[in-house]
Amino acid sequence: MALLPILCYPDPKLHTVARPVQSVDGRIQALIADMLETMYDANGIGLAATQVNVHERLIVIDVSEQRNEPMVLINPEITWVSPEKQVNDEGCLSVPGIYDGVERATAIKVSALDGSGQSRTIEAEGLLAVCIQHEMDHLMGKVFVEYLSPLKRNRIKTKMLKKR
Ligand code: K1U
Ligand code: ZN
C-alpha cells in the first residue's frame, strides 16, 4: 500500500471529468487500498480518484466514528435526490484549511459497484449524503469552492497559491 499525493486547488487537473472504470481488476483494487490509506492518513471522510490524479469514476468514504467502515463506490450514479435541501459546512482535502457552507439534497439514492465489482444501491442521508455528493462533484471536475461567490473563491485561490 502507498500514500498518494493529493492535488491542491487551484490545480487545473482537479477539473478533469473522470471516465467510467472499465473493469474492477487488481489495478483498481490496489488503487482502492492506496486511496483508503491516503484518506485515513489525511483524516478525511472521503476521497475521489480525481484528487489523486486518477481520472476514473471511483470514490472511497468512511463517515463512521471509529473510522472502520470503509465504503467504495465505483461508477456511482445518483438515481434520486430529495426535494429537501440543507446548507452544511464542507471541507476538502484539496483545499486544506477552508470550510464553508454548501446547499445539498438532504437524502439521495445512488447505484454503484462496490470494491468486489458487485452492484449496490445506497440510500444515504446526513453526512454520508453530503459526502457522496461532494465526492461525485470531484468526479465531474467540480470543487466545492465553485459553489461560493466569485469574491470568496478568488480569495481562497490567492491563499492557496501563496501557501505553495
Ligand atoms: O473530498 C474530500 O476532499 C474529503 C472531504 C470530504 C467532505 C468533508 C465534509 C463535507 C463534505 C465532504 C473531507 O474529508 S474534508 C476533512 C474532514 O475530515 C471533514 C471536514 C468537515 C466535516 C467532516 C469532516
Ligand atoms: Zn473534496
# chains A, B, ... in the order shown; residues from 1 in each chain; ligands from 1
>>> closest_atom_pairs(of="chain A", to="ligand 1", cutoff="8 Å", atoms="only C-alpha atoms and all ligand atoms", output="Markdown table")
| residue | atom | partner | partner_atom_place_in_ligand_line | distance |
| --- | --- | --- | --- | --- |
| A:Met39 | CA | ligand 1 | 14 (O) | 7.6 |
| A:Ala42 | CA | ligand 1 | 18 (O) | 7.8 |
| A:Asn43 | CA | ligand 1 | 18 (O) | 5.3 |
| A:Gly44 | CA | ligand 1 | 14 (O) | 3.2 |
| A:Ile45 | CA | ligand 1 | 14 (O) | 3.8 |
| A:Gly46 | CA | ligand 1 | 4 (C) | 4.3 |
| A:Leu47 | CA | ligand 1 | 1 (O) | 4.6 |
| A:Ala48 | CA | ligand 1 | 1 (O) | 6.2 |
| A:Gln51 | CA | ligand 1 | 3 (O) | 7.5 |
| A:Asn88 | CA | ligand 1 | 10 (C) | 7.5 |
| A:Asp89 | CA | ligand 1 | 10 (C) | 6.4 |
| A:Glu90 | CA | ligand 1 | 10 (C) | 3.7 |
| A:Gly91 | CA | ligand 1 | 15 (S) | 4.0 |
| A:Cys92 | CA | ligand 1 | 3 (O) | 3.3 |
| A:Leu93 | CA | ligand 1 | 3 (O) | 3.7 |
| A:Ser94 | CA | ligand 1 | 3 (O) | 5.4 |
| A:Val95 | CA | ligand 1 | 3 (O) | 7.3 |
| A:Pro96 | CA | ligand 1 | 15 (S) | 7.8 |
| A:Tyr99 | CA | ligand 1 | 21 (C) | 7.2 |
| A:Leu127 | CA | ligand 1 | 10 (C) | 7.0 |
| A:Val130 | CA | ligand 1 | 11 (C) | 5.4 |
| A:Cys131 | CA | ligand 1 | 12 (C) | 4.1 |
| A:Ile132 | CA | ligand 1 | 12 (C) | 7.4 |
| A:Gln133 | CA | ligand 1 | 11 (C) | 7.8 |
| A:His134 | CA | ligand 1 | 12 (C) | 5.2 |
| A:Glu135 | CA | ligand 1 | 1 (O) | 5.3 |
| A:His138 | CA | ligand 1 | 1 (O) | 7.3 |
>>> closest_residue(among="A:Asp34, A:Glu69, A:Asp25, A:Glu77", to="Met140 (chain A)", atoms="only C-alpha atoms")
A:Glu77
>>> atom_distance(atom1="CA of Arg153 (chain A)", atom2="CA of Thr16 (chain A)")
18.7 Å
>>> closest_residue(among="A:Val17, A:Ile6, A:Ala105, A:Val72", to="ligand 2", atoms="only C-alpha atoms and all ligand atoms")
A:Ile6
>>> select_by_dssp(residues="region 60-125 of chain A", states="strand (DSSP E or B)", output="PyMOL selection string")
chain A and resi 60-61+71-81+85-90+100-105+107-113+119-125
>>> closest_residue(among="A:Leu7, A:Arg19, A:Leu139, A:Tyr40", to="Asp62 (chain A)", atoms="only C-alpha atoms")
A:Tyr40
>>> select_by_dssp(residues="region 33-76 of chain A", states="helix (DSSP H, G or I)", output="list in words")
Ala33, Asp34, Met35, Leu36, Glu37, Thr38, Met39, Tyr40, Asp41, Ala49, Thr50, Gln51 and Val52 of chain A
>>> write_last_selection(atoms="N, CA, C and O atoms", output="mmCIF file, in the first residue's frame")
data_model
loop_
_atom_site.group_PDB
_atom_site.id
_atom_site.type_symbol
_atom_site.label_atom_id
_atom_site.label_comp_id
_atom_site.auth_asym_id
_atom_site.auth_seq_id
_atom_site.Cartn_x
_atom_site.Cartn_y
_atom_site.Cartn_z
ATOM 1 N N ALA A 33 -7.058 0.394 -2.188
ATOM 2 C CA ALA A 33 -6.275 0.252 -0.946
ATOM 3 C C ALA A 33 -5.440 1.513 -0.705
ATOM 4 O O ALA A 33 -5.385 2.041 0.422
ATOM 5 N N ASP A 34 -4.810 2.028 -1.744
ATOM 6 C CA ASP A 34 -3.972 3.235 -1.605
ATOM 7 C C ASP A 34 -4.826 4.459 -1.272
ATOM 8 O O ASP A 34 -4.428 5.306 -0.460
ATOM 9 N N MET A 35 -6.010 4.551 -1.900
ATOM 10 C CA MET A 35 -6.881 5.717 -1.624
ATOM 11 C C MET A 35 -7.417 5.671 -0.197
ATOM 12 O O MET A 35 -7.514 6.706 0.472
ATOM 13 N N LEU A 36 -7.758 4.474 0.286
ATOM 14 C CA LEU A 36 -8.239 4.377 1.684
ATOM 15 C C LEU A 36 -7.124 4.766 2.643
ATOM 16 O O LEU A 36 -7.343 5.540 3.588
ATOM 17 N N GLU A 37 -5.911 4.263 2.388
ATOM 18 C CA GLU A 37 -4.781 4.610 3.258
ATOM 19 C C GLU A 37 -4.550 6.128 3.241
ATOM 20 O O GLU A 37 -4.324 6.751 4.291
ATOM 21 N N THR A 38 -4.629 6.722 2.057
ATOM 22 C CA THR A 38 -4.398 8.172 1.906
ATOM 23 C C THR A 38 -5.489 8.972 2.630
ATOM 24 O O THR A 38 -5.196 9.952 3.329
ATOM 25 N N MET A 39 -6.752 8.534 2.479
ATOM 26 C CA MET A 39 -7.875 9.227 3.140
ATOM 27 C C MET A 39 -7.738 9.157 4.669
ATOM 28 O O MET A 39 -7.876 10.172 5.363
ATOM 29 N N TYR A 40 -7.443 7.955 5.200
ATOM 30 C CA TYR A 40 -7.314 7.826 6.668
ATOM 31 C C TYR A 40 -6.124 8.637 7.171
ATOM 32 O O TYR A 40 -6.205 9.302 8.203
ATOM 33 N N ASP A 41 -5.020 8.599 6.436
ATOM 34 C CA ASP A 41 -3.811 9.336 6.851
ATOM 35 C C ASP A 41 -4.079 10.837 6.905
ATOM 36 O O ASP A 41 -3.547 11.542 7.760
ATOM 37 N N ALA A 49 -10.985 9.667 -6.803
ATOM 38 C CA ALA A 49 -9.776 9.335 -7.569
ATOM 39 C C ALA A 49 -9.198 10.584 -8.239
ATOM 40 O O ALA A 49 -7.975 10.729 -8.332
ATOM 41 N N THR A 50 -10.071 11.485 -8.666
ATOM 42 C CA THR A 50 -9.627 12.756 -9.274
ATOM 43 C C THR A 50 -8.576 13.451 -8.400
ATOM 44 O O THR A 50 -7.614 14.027 -8.917
ATOM 45 N N GLN A 51 -8.790 13.411 -7.075
ATOM 46 C CA GLN A 51 -7.900 14.140 -6.156
ATOM 47 C C GLN A 51 -6.493 13.549 -6.098
ATOM 48 O O GLN A 51 -5.565 14.217 -5.656
ATOM 49 N N VAL A 52 -6.368 12.283 -6.522
ATOM 50 C CA VAL A 52 -5.027 11.677 -6.562
ATOM 51 C C VAL A 52 -4.584 11.514 -8.023
ATOM 52 O O VAL A 52 -3.748 10.658 -8.348
#
>>> closest_residue(among="A:Lys157, A:Lys142, A:Lys162, A:Lys152", to="ligand 2", atoms="only C-alpha atoms and all ligand atoms")
A:Lys142
>>> residues_around(residues="Ala18 (chain A)", least_positions_apart="2", cutoff="6 Å", atoms="only C-alpha atoms", output="PDB file with all heavy atoms, in the first residue's frame")
ATOM      1  N   HIS A  55      -8.151   9.697 -13.242  1.00  0.00           N
ATOM      2  CA  HIS A  55      -9.413  10.269 -13.735  1.00  0.00           C
ATOM      3  C   HIS A  55     -10.383   9.174 -14.160  1.00  0.00           C
ATOM      4  O   HIS A  55     -10.778   9.059 -15.299  1.00  0.00           O
ATOM      5  CB  HIS A  55      -9.086  11.323 -14.795  1.00  0.00           C
ATOM      6  CG  HIS A  55      -8.206  12.379 -14.184  1.00  0.00           C
ATOM      7  ND1 HIS A  55      -8.692  13.302 -13.266  1.00  0.00           N
ATOM      8  CD2 HIS A  55      -6.868  12.580 -14.239  1.00  0.00           C
ATOM      9  CE1 HIS A  55      -7.687  14.055 -12.840  1.00  0.00           C
ATOM     10  NE2 HIS A  55      -6.566  13.631 -13.400  1.00  0.00           N
ATOM     11  N   GLU A  56     -10.728   8.359 -13.134  1.00  0.00           N
ATOM     12  CA  GLU A  56     -11.687   7.266 -13.294  1.00  0.00           C
ATOM     13  C   GLU A  56     -12.715   7.392 -12.164  1.00  0.00           C
ATOM     14  O   GLU A  56     -12.409   7.905 -11.085  1.00  0.00           O
ATOM     15  CB  GLU A  56     -10.970   5.912 -13.246  1.00  0.00           C
ATOM     16  CG  GLU A  56     -10.021   5.761 -14.428  1.00  0.00           C
ATOM     17  CD  GLU A  56      -9.290   4.426 -14.434  1.00  0.00           C
ATOM     18  OE1 GLU A  56      -9.946   3.380 -14.528  1.00  0.00           O
ATOM     19  OE2 GLU A  56      -8.047   4.453 -14.336  1.00  0.00           O
ATOM     20  N   ARG A  57     -13.961   6.883 -12.436  1.00  0.00           N
ATOM     21  CA  ARG A  57     -15.083   7.136 -11.515  1.00  0.00           C
ATOM     22  C   ARG A  57     -15.028   6.188 -10.298  1.00  0.00           C
ATOM     23  O   ARG A  57     -15.666   5.145 -10.260  1.00  0.00           O
ATOM     24  CB  ARG A  57     -16.424   7.027 -12.257  1.00  0.00           C
ATOM     25  CG  ARG A  57     -16.603   8.157 -13.269  1.00  0.00           C
ATOM     26  CD  ARG A  57     -17.949   8.110 -13.959  1.00  0.00           C
ATOM     27  NE  ARG A  57     -19.072   8.205 -13.047  1.00  0.00           N
ATOM     28  CZ  ARG A  57     -19.529   9.320 -12.508  1.00  0.00           C
ATOM     29  NH1 ARG A  57     -18.950  10.481 -12.774  1.00  0.00           N
ATOM     30  NH2 ARG A  57     -20.569   9.295 -11.701  1.00  0.00           N
ATOM     31  N   LEU A 139     -15.615  13.921  -9.266  1.00  0.00           N
ATOM     32  CA  LEU A 139     -15.519  13.086 -10.486  1.00  0.00           C
ATOM     33  C   LEU A 139     -15.969  13.851 -11.729  1.00  0.00           C
ATOM     34  O   LEU A 139     -15.576  13.513 -12.846  1.00  0.00           O
ATOM     35  CB  LEU A 139     -16.363  11.804 -10.325  1.00  0.00           C
ATOM     36  CG  LEU A 139     -15.967  10.873  -9.172  1.00  0.00           C
ATOM     37  CD1 LEU A 139     -16.884   9.650  -9.160  1.00  0.00           C
ATOM     38  CD2 LEU A 139     -14.510  10.432  -9.278  1.00  0.00           C
TER      39      LEU A 139
END
>>> closest_residue(among="A:Ala107, A:Phe144, A:Ile78, A:Met160", to="ligand 2", atoms="only C-alpha atoms and all ligand atoms")
A:Phe144
>>> closest_residue(among="A:Ile156, A:Ile74, A:Ile61, A:Ala30", to="ligand 2", atoms="only C-alpha atoms and all ligand atoms")
A:Ile61
